[in-house]
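coords20.cif follows; it contains mmCIF, C-alpha atoms.
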data_entry
#
loop_
_atom_site.label_atom_id
_atom_site.label_comp_id
_atom_site.auth_asym_id
_atom_site.auth_seq_id
_atom_site.Cartn_x
_atom_site.Cartn_y
_atom_site.Cartn_z
CA MET A 1 93.34 152.91 129.35
CA PHE A 2 93.47 149.13 128.93
CA LEU A 3 94.52 149.61 125.32
CA LEU A 4 97.30 151.99 126.38
CA GLN A 5 98.58 149.48 128.91
CA ARG A 6 98.57 146.73 126.28
CA LEU A 7 100.40 149.00 123.83
CA ASP A 8 102.96 149.92 126.47
CA SER A 9 103.54 146.27 127.37
CA SER A 10 103.91 145.27 123.69
CA PHE A 11 106.30 148.16 123.09
CA ARG A 12 108.42 147.05 126.05
CA LYS A 13 108.53 143.49 124.71
CA ILE A 14 109.60 144.73 121.28
CA LYS A 15 112.34 146.88 122.83
CA GLY A 16 113.53 143.80 124.74
CA GLN A 17 113.91 141.87 121.50
CA ILE A 18 115.60 144.61 119.41
CA ALA A 19 119.08 143.85 120.80
CA ASN A 20 118.62 140.10 120.22
CA ALA A 21 117.40 140.71 116.66
CA LEU A 22 120.51 142.83 115.98
CA THR A 23 122.67 140.02 117.40
CA LEU A 24 121.02 137.51 115.06
CA ILE A 25 121.62 139.87 112.11
CA ASN A 26 125.31 139.97 113.13
CA LEU A 27 125.31 136.13 113.08
CA GLY A 28 123.53 136.13 109.71
CA PHE A 29 126.16 138.36 108.10
CA GLY A 30 128.93 136.21 109.59
CA ALA A 31 127.38 133.02 108.18
CA LEU A 32 126.84 134.72 104.80
CA ALA A 33 130.51 135.77 104.83
CA ILE A 34 131.50 132.08 105.18
CA ILE A 35 129.29 131.21 102.19
CA TYR A 36 130.90 133.95 100.06
CA VAL A 37 134.37 132.76 101.11
CA PHE A 38 133.22 129.29 99.91
CA HIS A 39 132.58 130.83 96.52
CA ASP A 40 136.05 132.41 96.63
CA GLN A 41 134.57 135.92 96.75
CA LEU A 42 136.94 137.05 99.48
CA ARG A 43 136.29 140.81 99.13
CA VAL A 44 132.55 140.28 99.64
CA GLY A 45 133.35 138.04 102.64
CA LEU A 46 135.50 140.84 104.10
CA LEU A 47 132.71 143.39 103.62
CA LEU A 48 130.14 141.10 105.26
CA ILE A 49 132.34 140.56 108.33
CA ALA A 50 132.72 144.36 108.58
CA ILE A 51 128.91 144.73 108.46
CA ALA A 52 128.60 142.02 111.15
CA ALA A 53 130.99 144.11 113.31
CA VAL A 54 128.72 147.16 112.91
CA PHE A 55 125.71 145.12 114.07
CA ASP A 56 127.78 143.77 116.97
CA ARG A 57 128.33 147.36 118.15
CA LEU A 58 124.67 148.22 117.56
CA ASP A 59 123.27 145.32 119.62
CA GLY A 60 125.33 146.28 122.67
CA ALA A 61 124.29 149.93 122.25
CA ALA A 62 120.60 148.95 121.88
CA ALA A 63 120.70 146.70 124.97
CA ARG A 64 122.22 149.54 127.02
CA LYS A 65 119.94 152.25 125.60
CA PHE A 66 116.74 150.28 126.23
CA ASN A 67 118.19 148.84 129.45
CA THR A 68 117.41 145.33 128.23
CA THR A 69 120.70 143.48 128.80
CA SER A 70 119.64 139.87 129.39
CA GLU A 71 121.27 136.52 130.05
CA LEU A 72 119.76 135.22 126.77
CA GLY A 73 121.24 138.20 124.93
CA LYS A 74 124.68 137.53 126.45
CA GLN A 75 124.63 133.87 125.35
CA LEU A 76 123.37 134.76 121.87
CA ASP A 77 126.07 137.40 121.57
CA SER A 78 128.87 134.87 122.21
CA LEU A 79 127.40 132.38 119.76
CA SER A 80 127.18 135.08 117.08
CA ASP A 81 130.70 136.32 117.82
CA ILE A 82 132.30 132.88 117.46
CA ILE A 83 130.76 132.68 113.97
CA SER A 84 131.28 136.27 112.73
CA PHE A 85 134.68 136.93 114.33
CA GLY A 86 135.94 133.39 114.89
CA VAL A 87 134.97 131.02 112.06
CA ALA A 88 134.37 133.62 109.30
CA PRO A 89 137.73 135.49 109.59
CA ALA A 90 139.62 132.20 110.07
CA MET A 91 138.06 130.77 106.90
CA LEU A 92 138.70 134.03 105.04
CA MET A 93 142.38 133.99 106.06
CA TYR A 94 142.58 130.26 105.27
CA GLN A 95 141.18 130.76 101.78
CA ALA A 96 143.30 133.89 101.17
CA VAL A 97 146.66 132.58 102.43
CA LEU A 98 146.80 129.73 104.92
CA TYR A 99 145.73 126.96 102.49
CA GLU A 100 149.11 127.49 100.79
CA PHE A 101 150.72 125.95 103.88
CA GLY A 102 148.59 122.77 103.68
CA VAL A 103 147.84 120.99 106.96
CA THR A 104 149.82 123.56 109.00
CA GLY A 105 147.66 126.36 107.62
CA ALA A 106 144.48 124.45 108.49
CA ILE A 107 145.77 123.80 112.03
CA PHE A 108 146.55 127.52 112.51
CA ALA A 109 143.03 128.49 111.40
CA ILE A 110 141.56 125.93 113.82
CA ILE A 111 143.78 127.12 116.71
CA TYR A 112 142.50 130.66 116.08
CA ILE A 113 138.87 129.47 116.41
CA MET A 114 139.69 127.40 119.54
CA CYS A 115 141.35 130.38 121.24
CA GLY A 116 138.37 132.57 120.27
CA ALA A 117 135.99 130.07 121.90
CA LEU A 118 138.14 129.93 125.06
CA ARG A 119 138.18 133.75 125.19
CA LEU A 120 134.39 133.97 124.85
CA ALA A 121 133.72 131.19 127.39
CA ARG A 122 136.03 132.83 129.92
CA PHE A 123 134.50 136.25 129.30
CA ASN A 124 130.99 134.92 129.95
CA ILE A 125 131.84 133.58 133.39
CA THR A 126 133.92 136.48 134.71
CA GLU A 127 132.79 139.82 136.06
CA SER A 128 134.13 142.75 134.07
CA HIS A 129 135.28 145.91 135.83
CA GLY A 130 135.71 148.35 132.98
CA TYR A 131 138.32 146.25 131.21
CA TYR A 132 138.62 143.06 129.17
CA VAL A 133 141.09 140.28 129.92
CA GLY A 134 142.78 139.26 126.67
CA LEU A 135 142.14 140.72 123.21
CA PRO A 136 138.38 140.64 122.44
CA ILE A 137 137.49 138.25 119.61
CA THR A 138 135.71 141.09 117.76
CA ALA A 139 138.99 143.04 117.57
CA ALA A 140 141.03 139.95 116.65
CA GLY A 141 138.49 138.97 113.96
CA CYS A 142 138.45 142.44 112.42
CA ILE A 143 142.27 142.65 112.36
CA LEU A 144 142.53 139.20 110.73
CA THR A 145 139.85 140.14 108.21
CA PHE A 146 141.39 143.45 107.13
CA LEU A 147 144.87 141.93 106.92
CA THR A 148 143.69 139.80 104.01
CA LEU A 149 143.75 143.05 101.97
CA PHE A 150 147.56 142.92 102.15
CA VAL A 151 148.04 139.38 100.89
CA ASN A 152 149.79 140.55 97.72
CA TYR A 153 152.10 142.99 99.53
CA MET A 154 153.63 140.92 102.32
CA PRO A 155 155.44 137.57 102.57
CA LEU A 156 152.90 134.81 103.21
CA TYR A 157 154.53 133.53 106.43
CA VAL A 158 153.72 136.89 108.06
CA PHE A 159 150.04 135.89 107.99
CA MET A 160 150.83 132.64 109.82
CA PHE A 161 152.54 134.64 112.59
CA VAL A 162 149.68 137.13 112.77
CA THR A 163 147.08 134.35 113.00
CA ILE A 164 148.88 132.58 115.83
CA GLY A 165 149.75 135.91 117.49
CA LEU A 166 146.10 137.04 117.56
CA SER A 167 145.11 133.59 118.90
CA LEU A 168 147.56 133.89 121.79
CA LEU A 169 146.55 137.51 122.52
CA MET A 170 142.93 136.39 122.90
CA VAL A 171 143.78 133.87 125.63
CA SER A 172 146.54 135.95 127.24
CA PRO A 173 145.96 137.47 130.69
CA PHE A 174 146.71 141.09 129.68
CA ARG A 175 144.02 143.74 130.22
CA VAL A 176 142.38 145.98 127.62
CA ARG A 177 140.30 148.97 128.70
CA LYS A 178 136.72 148.92 127.41
CA ILE A 179 135.90 151.54 124.80
CA MET B 1 153.47 113.00 152.06
CA PHE B 2 153.89 116.50 150.55
CA LEU B 3 154.71 114.92 147.21
CA LEU B 4 151.57 112.76 147.38
CA GLN B 5 149.44 115.82 148.13
CA ARG B 6 151.00 117.71 145.20
CA LEU B 7 150.41 114.71 142.92
CA ASP B 8 146.81 114.42 144.08
CA SER B 9 146.20 118.13 143.50
CA SER B 10 147.76 117.99 140.01
CA PHE B 11 145.73 114.91 139.14
CA ARG B 12 142.53 116.68 140.23
CA LYS B 13 143.41 119.69 138.06
CA ILE B 14 144.07 117.44 135.06
CA LYS B 15 140.75 115.65 135.59
CA GLY B 16 139.04 119.04 135.67
CA GLN B 17 140.47 119.91 132.27
CA ILE B 18 139.83 116.59 130.52
CA ALA B 19 136.19 117.45 129.70
CA ASN B 20 137.18 120.89 128.36
CA ALA B 21 139.96 119.37 126.25
CA LEU B 22 137.44 116.91 124.75
CA THR B 23 135.09 119.84 124.02
CA LEU B 24 137.89 121.67 122.20
CA ILE B 25 138.65 118.52 120.19
CA ASN B 26 134.94 118.43 119.21
CA LEU B 27 135.28 122.08 118.05
CA GLY B 28 138.50 121.24 116.19
CA PHE B 29 136.85 118.44 114.21
CA GLY B 30 133.88 120.71 113.43
CA ALA B 31 136.18 123.45 112.11
CA LEU B 32 138.19 120.89 110.12
CA ALA B 33 134.92 119.62 108.63
CA ILE B 34 134.19 123.16 107.34
CA ILE B 35 137.66 123.30 105.74
CA TYR B 36 137.10 119.94 104.00
CA VAL B 37 133.68 121.10 102.80
CA PHE B 38 135.55 124.15 101.37
CA HIS B 39 137.67 121.75 99.36
CA ASP B 40 134.48 120.01 98.19
CA GLN B 41 135.42 116.81 100.04
CA LEU B 42 131.93 116.31 101.41
CA ARG B 43 132.37 112.70 102.55
CA VAL B 44 135.38 113.63 104.67
CA GLY B 45 133.37 116.57 106.07
CA LEU B 46 130.57 114.17 107.01
CA LEU B 47 133.01 111.82 108.73
CA LEU B 48 134.60 114.68 110.69
CA ILE B 49 131.22 115.92 111.96
CA ALA B 50 130.46 112.33 113.07
CA ILE B 51 133.77 112.25 114.98
CA ALA B 52 132.91 115.64 116.55
CA ALA B 53 129.61 114.09 117.73
CA VAL B 54 131.52 111.25 119.42
CA PHE B 55 133.71 113.76 121.28
CA ASP B 56 130.59 115.73 122.22
CA ARG B 57 129.23 112.60 123.97
CA LEU B 58 132.62 111.89 125.55
CA ASP B 59 133.03 115.36 127.09
CA GLY B 60 129.67 115.17 128.82
CA ALA B 61 130.46 111.67 130.06
CA ALA B 62 133.91 112.77 131.31
CA ALA B 63 132.47 115.81 133.13
CA ARG B 64 129.90 113.60 134.87
CA LYS B 65 132.35 110.77 135.64
CA PHE B 66 134.96 113.06 137.17
CA ASN B 67 132.23 115.27 138.64
CA THR B 68 133.81 118.32 137.04
CA THR B 69 130.85 120.00 135.33
CA SER B 70 131.76 123.69 135.30
CA GLU B 71 130.30 126.96 134.04
CA LEU B 72 133.33 127.36 131.73
CA GLY B 73 132.71 123.87 130.36
CA LYS B 74 129.05 124.68 129.70
CA GLN B 75 129.94 127.85 127.77
CA LEU B 76 132.69 126.09 125.81
CA ASP B 77 130.30 123.26 124.98
CA SER B 78 127.75 125.64 123.38
CA LEU B 79 130.44 127.43 121.38
CA SER B 80 131.75 124.09 120.08
CA ASP B 81 128.24 122.84 119.30
CA ILE B 82 127.32 125.90 117.22
CA ILE B 83 130.40 125.20 115.07
CA SER B 84 130.28 121.37 114.84
CA PHE B 85 126.50 120.93 114.65
CA GLY B 86 125.42 124.38 113.45
CA VAL B 87 127.85 125.89 110.94
CA ALA B 88 129.53 122.66 109.72
CA PRO B 89 126.33 120.69 108.84
CA ALA B 90 124.73 123.83 107.34
CA MET B 91 127.77 124.40 105.10
CA LEU B 92 127.88 120.68 104.21
CA MET B 93 124.20 120.72 103.21
CA TYR B 94 124.72 124.04 101.38
CA GLN B 95 127.63 122.66 99.37
CA ALA B 96 125.84 119.34 98.72
CA VAL B 97 122.41 120.68 97.70
CA LEU B 98 121.30 124.12 98.83
CA TYR B 99 123.65 126.13 96.57
CA GLU B 100 121.53 124.87 93.67
CA PHE B 101 118.73 127.11 94.95
CA GLY B 102 120.91 130.25 94.92
CA VAL B 103 120.08 132.95 97.45
CA THR B 104 117.13 130.95 98.88
CA GLY B 105 119.46 128.04 99.63
CA ALA B 106 121.93 130.36 101.39
CA ILE B 107 119.11 131.90 103.44
CA PHE B 108 117.90 128.42 104.52
CA ALA B 109 121.42 127.47 105.65
CA ILE B 110 121.69 130.73 107.61
CA ILE B 111 118.24 130.27 109.22
CA TYR B 112 119.37 126.79 110.38
CA ILE B 113 122.44 128.33 112.10
CA MET B 114 120.34 131.14 113.65
CA CYS B 115 117.81 128.66 115.08
CA GLY B 116 120.69 126.53 116.40
CA ALA B 117 122.14 129.57 118.20
CA LEU B 118 118.73 130.45 119.67
CA ARG B 119 118.32 126.84 120.87
CA LEU B 120 121.75 126.83 122.54
CA ALA B 121 121.28 130.27 124.14
CA ARG B 122 117.88 129.26 125.54
CA PHE B 123 119.26 125.93 126.79
CA ASN B 124 122.08 127.67 128.67
CA ILE B 125 119.74 129.88 130.66
CA THR B 126 117.04 127.35 131.56
CA GLU B 127 117.09 124.65 134.19
CA SER B 128 116.69 121.16 132.74
CA HIS B 129 114.58 118.56 134.52
CA GLY B 130 115.42 115.37 132.68
CA TYR B 131 114.20 116.66 129.33
CA TYR B 132 115.22 119.08 126.58
CA VAL B 133 112.92 121.76 125.18
CA GLY B 134 113.17 121.64 121.38
CA LEU B 135 115.33 119.31 119.31
CA PRO B 136 118.97 119.46 120.51
CA ILE B 137 121.34 120.96 117.95
CA THR B 138 123.57 117.88 118.15
CA ALA B 139 120.68 115.70 116.92
CA ALA B 140 119.62 118.23 114.26
CA GLY B 141 123.22 118.58 113.04
CA CYS B 142 123.75 114.82 112.81
CA ILE B 143 120.47 114.30 110.92
CA LEU B 144 121.34 117.10 108.45
CA THR B 145 124.83 115.68 108.00
CA PHE B 146 123.77 112.09 107.32
CA LEU B 147 120.99 113.20 104.97
CA THR B 148 123.63 114.49 102.56
CA LEU B 149 124.32 110.81 101.80
CA PHE B 150 120.95 110.66 100.00
CA VAL B 151 121.45 113.64 97.71
CA ASN B 152 121.40 111.47 94.60
CA TYR B 153 118.34 109.49 95.64
CA MET B 154 115.80 112.15 96.56
CA PRO B 155 114.36 115.28 94.89
CA LEU B 156 116.45 118.29 95.88
CA TYR B 157 113.56 120.33 97.33
CA VAL B 158 113.18 117.64 100.06
CA PHE B 159 116.47 118.87 101.53
CA MET B 160 115.13 122.43 101.68
CA PHE B 161 112.12 121.19 103.67
CA VAL B 162 114.31 119.10 105.96
CA THR B 163 116.66 122.03 106.64
CA ILE B 164 113.84 124.39 107.55
CA GLY B 165 111.99 121.61 109.43
CA LEU B 166 115.01 120.86 111.64
CA SER B 167 115.48 124.62 112.23
CA LEU B 168 111.90 124.97 113.46
CA LEU B 169 112.13 121.82 115.60
CA MET B 170 115.16 123.28 117.39
CA VAL B 171 113.27 126.41 118.47
CA SER B 172 109.92 124.67 119.00
CA PRO B 173 108.57 124.26 122.56
CA PHE B 174 108.14 120.47 122.42
CA ARG B 175 109.97 118.31 124.97
CA VAL B 176 112.49 115.55 124.31
CA ARG B 177 113.55 113.19 127.09
CA LYS B 178 117.28 113.16 127.80
CA ILE B 179 119.08 109.95 126.84
#
Could you quickly redo this structure as structure tokens?
Amino acid sequence: MFLLQRLDSSFRKIKGQIANALTLINLGFGALAIIYVFHDQLRVGLLLIAIAAVFDRLDGAAARKFNTTSELGKQLDSLSDIISFGVAPAMLMYQAVLYEFGVTGAIFAIIYIMCGALRLARFNITESHGYYVGLPITAAGCILTFLTLFVNYMPLYVFMFVTIGLSLLMVSPFRVRKI
Amino acid sequence: MFLLQRLDSSFRKIKGQIANALTLINLGFGALAIIYVFHDQLRVGLLLIAIAAVFDRLDGAAARKFNTTSELGKQLDSLSDIISFGVAPAMLMYQAVLYEFGVTGAIFAIIYIMCGALRLARFNITESHGYYVGLPITAAGCILTFLTLFVNYMPLYVFMFVTIGLSLLMVSPFRVRKI
């Protein structure tokens, strides 16, 4: 009986940590994406950000399934998101296109990360009622990432507009329904 | 009289945003440091992380001076810290030394960022009573950054130990008095 109780308690603890472990894996893939972008392996960087996005969905699903949404998990989630969908896509877009514009390109990449941080900070302190305010950074990061596939097919200035557009959408007051 | 009231109200609003603006400047310098590390300009990267650290001190001081510590500010502060003292120093150390160790080096850099995120998430949800639990990421990030100055004077494996040592210190339960 005692053994069963101990097993049950351990199992509950493990369930509580599954979502956080998935969040850290998301962060790990985001950080690895930045390293691959460093080595100019942009396609691998893109793939790693996509994998990070899958783990981002999984951690939320796990937290809901096991009913283990926690304040620690929420904080960890934001910190992972700013890396995987803020810094990593910005660096990928910078290395793919924006560096061609010199200082302006660097400033645009930085503005994107700043707006992502503002979006995440605001999200953490507001109650959600079935909708998000402003474009979620996960969506913005994925759009920015996949757009780098079209670098050879569109004029380069388009990517500047998209970067600044996504930045503004993240901090804009418009509402997006949760899916 | 009405004008004075309006001026006073505007001034109060501006004061409220000064700390957050300083936090975003900290983030901006951290992100710029990553870009310079990309371009293999490690000394400039080091300098930019040092400037980010100065702004990190300033934003806390401003929030206390104007008595405008806010939940938004706290969230924004963590998100900036994970970039300026998590990702940026890890990438600087990776580019300076760790890449020589291949996959192991990349894993060490990623573990450092993960531990930094765990430290920040835990800090945000616990009450502080004049001390920190675990080495603050700002301190760890600055130590890692300045150590890159000694790359030519020490065996390379030392930097692996330091990276993992700082990671463990961040998530360790020991207490550091606030200064």
Q.
From the options A:Gly73, A:Gly45, A:Gly30, A:Gly165, which residue's atoms come nearest to Gly16 (chain A), counting all atoms listed in the file?
A.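 Closest residue, counting all atoms listed in the file: A:Gly73.
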Residues of chain A within 7 Å of chain B: nearest atom pair and distance (Å, one decimal) for each, counting all atoms listed in the file, sorted by chain and number, as a Markdown table?
| residue | atom | partner | partner_atom | distance |
| --- | --- | --- | --- | --- |
| A:Leu24 | CA | B:Met114 | CA | 6.6 |
| A:Gly28 | CA | B:Ile110 | CA | 6.1 |
| A:Ala31 | CA | B:Ile110 | CA | 6.2 |
| A:Phe38 | CA | B:Phe38 | CA | 5.8 |
| A:Glu71 | CA | B:Ile125 | CA | 6.8 |
| A:Leu72 | CA | B:Ala121 | CA | 5.8 |
| A:Gln75 | CA | B:Ala121 | CA | 5.1 |
| A:Leu76 | CA | B:Ala121 | CA | 5.4 |
| A:Leu79 | CA | B:Leu79 | CA | 6.0 |
| A:Ile82 | CA | B:Leu79 | CA | 7.0 |
| A:Ile110 | CA | B:Gly28 | CA | 6.1 |
| A:Met114 | CA | B:Leu24 | CA | 6.6 |
| A:Ala117 | CA | B:Leu79 | CA | 6.2 |
| A:Leu118 | CA | B:Leu76 | CA | 6.7 |
| A:Ala121 | CA | B:Gln75 | CA | 5.1 |
| A:Arg122 | CA | B:Leu72 | CA | 6.4 |
| A:Ile125 | CA | B:Leu72 | CA | 6.6 |
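Of the residues under consideration (B:Val44, B:Val103, B:Leu147, B:Ala21), B:Leu147 shows the shortest atom-to-atom contact distance to Phe159 (chain B) when counting only C-alpha atoms.
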**OP:** Please indicate the distance in Å from CA of Gly134 (chain B) to CA of Leu46 (chain B), rounded to one decimal place.
**Re:**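 Atom-to-atom, CA of Gly134 (chain B) and CA of Leu46 (chain B) are spaced 23.8 Å apart.
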| request: Record the distance separating CA of Thr69 (chain A) and CA of Gly141 (chain B), expressed in Å with one decimal. | output: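 Value for the CA of Thr69 (chain A)-CA of Gly141 (chain B) distance: 29.6 Å.
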Q.
List the spatial neighbours of Leu144 (chain A) as a ChimeraX atom specification - criterion: any atom at most 9 Å away, all atoms listed in the file, same-chain residues fewer than 2 positions off excluded.
A. /A:85,89-90,92-93,139-142,146-148,159,162-163,166
What does the file look like for those residues with C-alpha atoms, as a short mmCIF file (atom, residue, chain, number, x, y, z; two decimals), in the frame of the given file?
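out.cif was written with the following content:
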data_model
loop_
_atom_site.label_atom_id
_atom_site.label_comp_id
_atom_site.auth_asym_id
_atom_site.auth_seq_id
_atom_site.Cartn_x
_atom_site.Cartn_y
_atom_site.Cartn_z
CA PHE A 85 134.68 136.93 114.33
CA PRO A 89 137.73 135.49 109.59
CA ALA A 90 139.62 132.20 110.07
CA LEU A 92 138.70 134.03 105.04
CA MET A 93 142.38 133.99 106.06
CA ALA A 139 138.99 143.04 117.57
CA ALA A 140 141.03 139.95 116.65
CA GLY A 141 138.49 138.97 113.96
CA CYS A 142 138.45 142.44 112.42
CA PHE A 146 141.39 143.45 107.13
CA LEU A 147 144.87 141.93 106.92
CA THR A 148 143.69 139.80 104.01
CA PHE A 159 150.04 135.89 107.99
CA VAL A 162 149.68 137.13 112.77
CA THR A 163 147.08 134.35 113.00
CA LEU A 166 146.10 137.04 117.56
#
So that I can see what lies close to Val133 (chain A), please list as an mmCIF file with C-alpha atoms, in the coordinates of the input the residues with an atom at most 7 Å from it, counting only C-alpha atoms and leaving out residues fewer than 2 positions away in the same chain.
data_model
loop_
_atom_site.group_PDB
_atom_site.id
_atom_site.type_symbol
_atom_site.label_atom_id
_atom_site.label_comp_id
_atom_site.auth_asym_id
_atom_site.auth_seq_id
_atom_site.Cartn_x
_atom_site.Cartn_y
_atom_site.Cartn_z
ATOM 1 C CA TYR A 131 138.320 146.250 131.210
ATOM 2 C CA LEU A 135 142.140 140.720 123.210
ATOM 3 C CA PRO A 173 145.960 137.470 130.690
ATOM 4 C CA PHE A 174 146.710 141.090 129.680
ATOM 5 C CA ARG A 175 144.020 143.740 130.220
ATOM 6 C CA VAL A 176 142.380 145.980 127.620
#
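Using all atoms listed in the file, the shortest contact distance between Ala96 (chain B) and any of B:Arg57, B:Arg43, B:Arg177, B:Arg6 is found at B:Arg43.
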Starting from the PyMOL selection byres ((chain A and resi 53) around 8), expand the selection into actual residues of this file and give them as a PyMOL selection string. chain A and resi 26+49-52+54-57+84+138+142
Practice problem: Calculate how many Å separate CA of Ile18 (chain A) from CA of Val171 (chain B), rounding to one decimal. | Solution: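 Separation between CA of Ile18 (chain A) and CA of Val171 (chain B): 18.4 Å.
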Of A:Thr145, A:Tyr132, A:Ser70, A:Leu156, the one nearest to Leu169 (chain A) when counting all atoms listed in the file is A:Tyr132
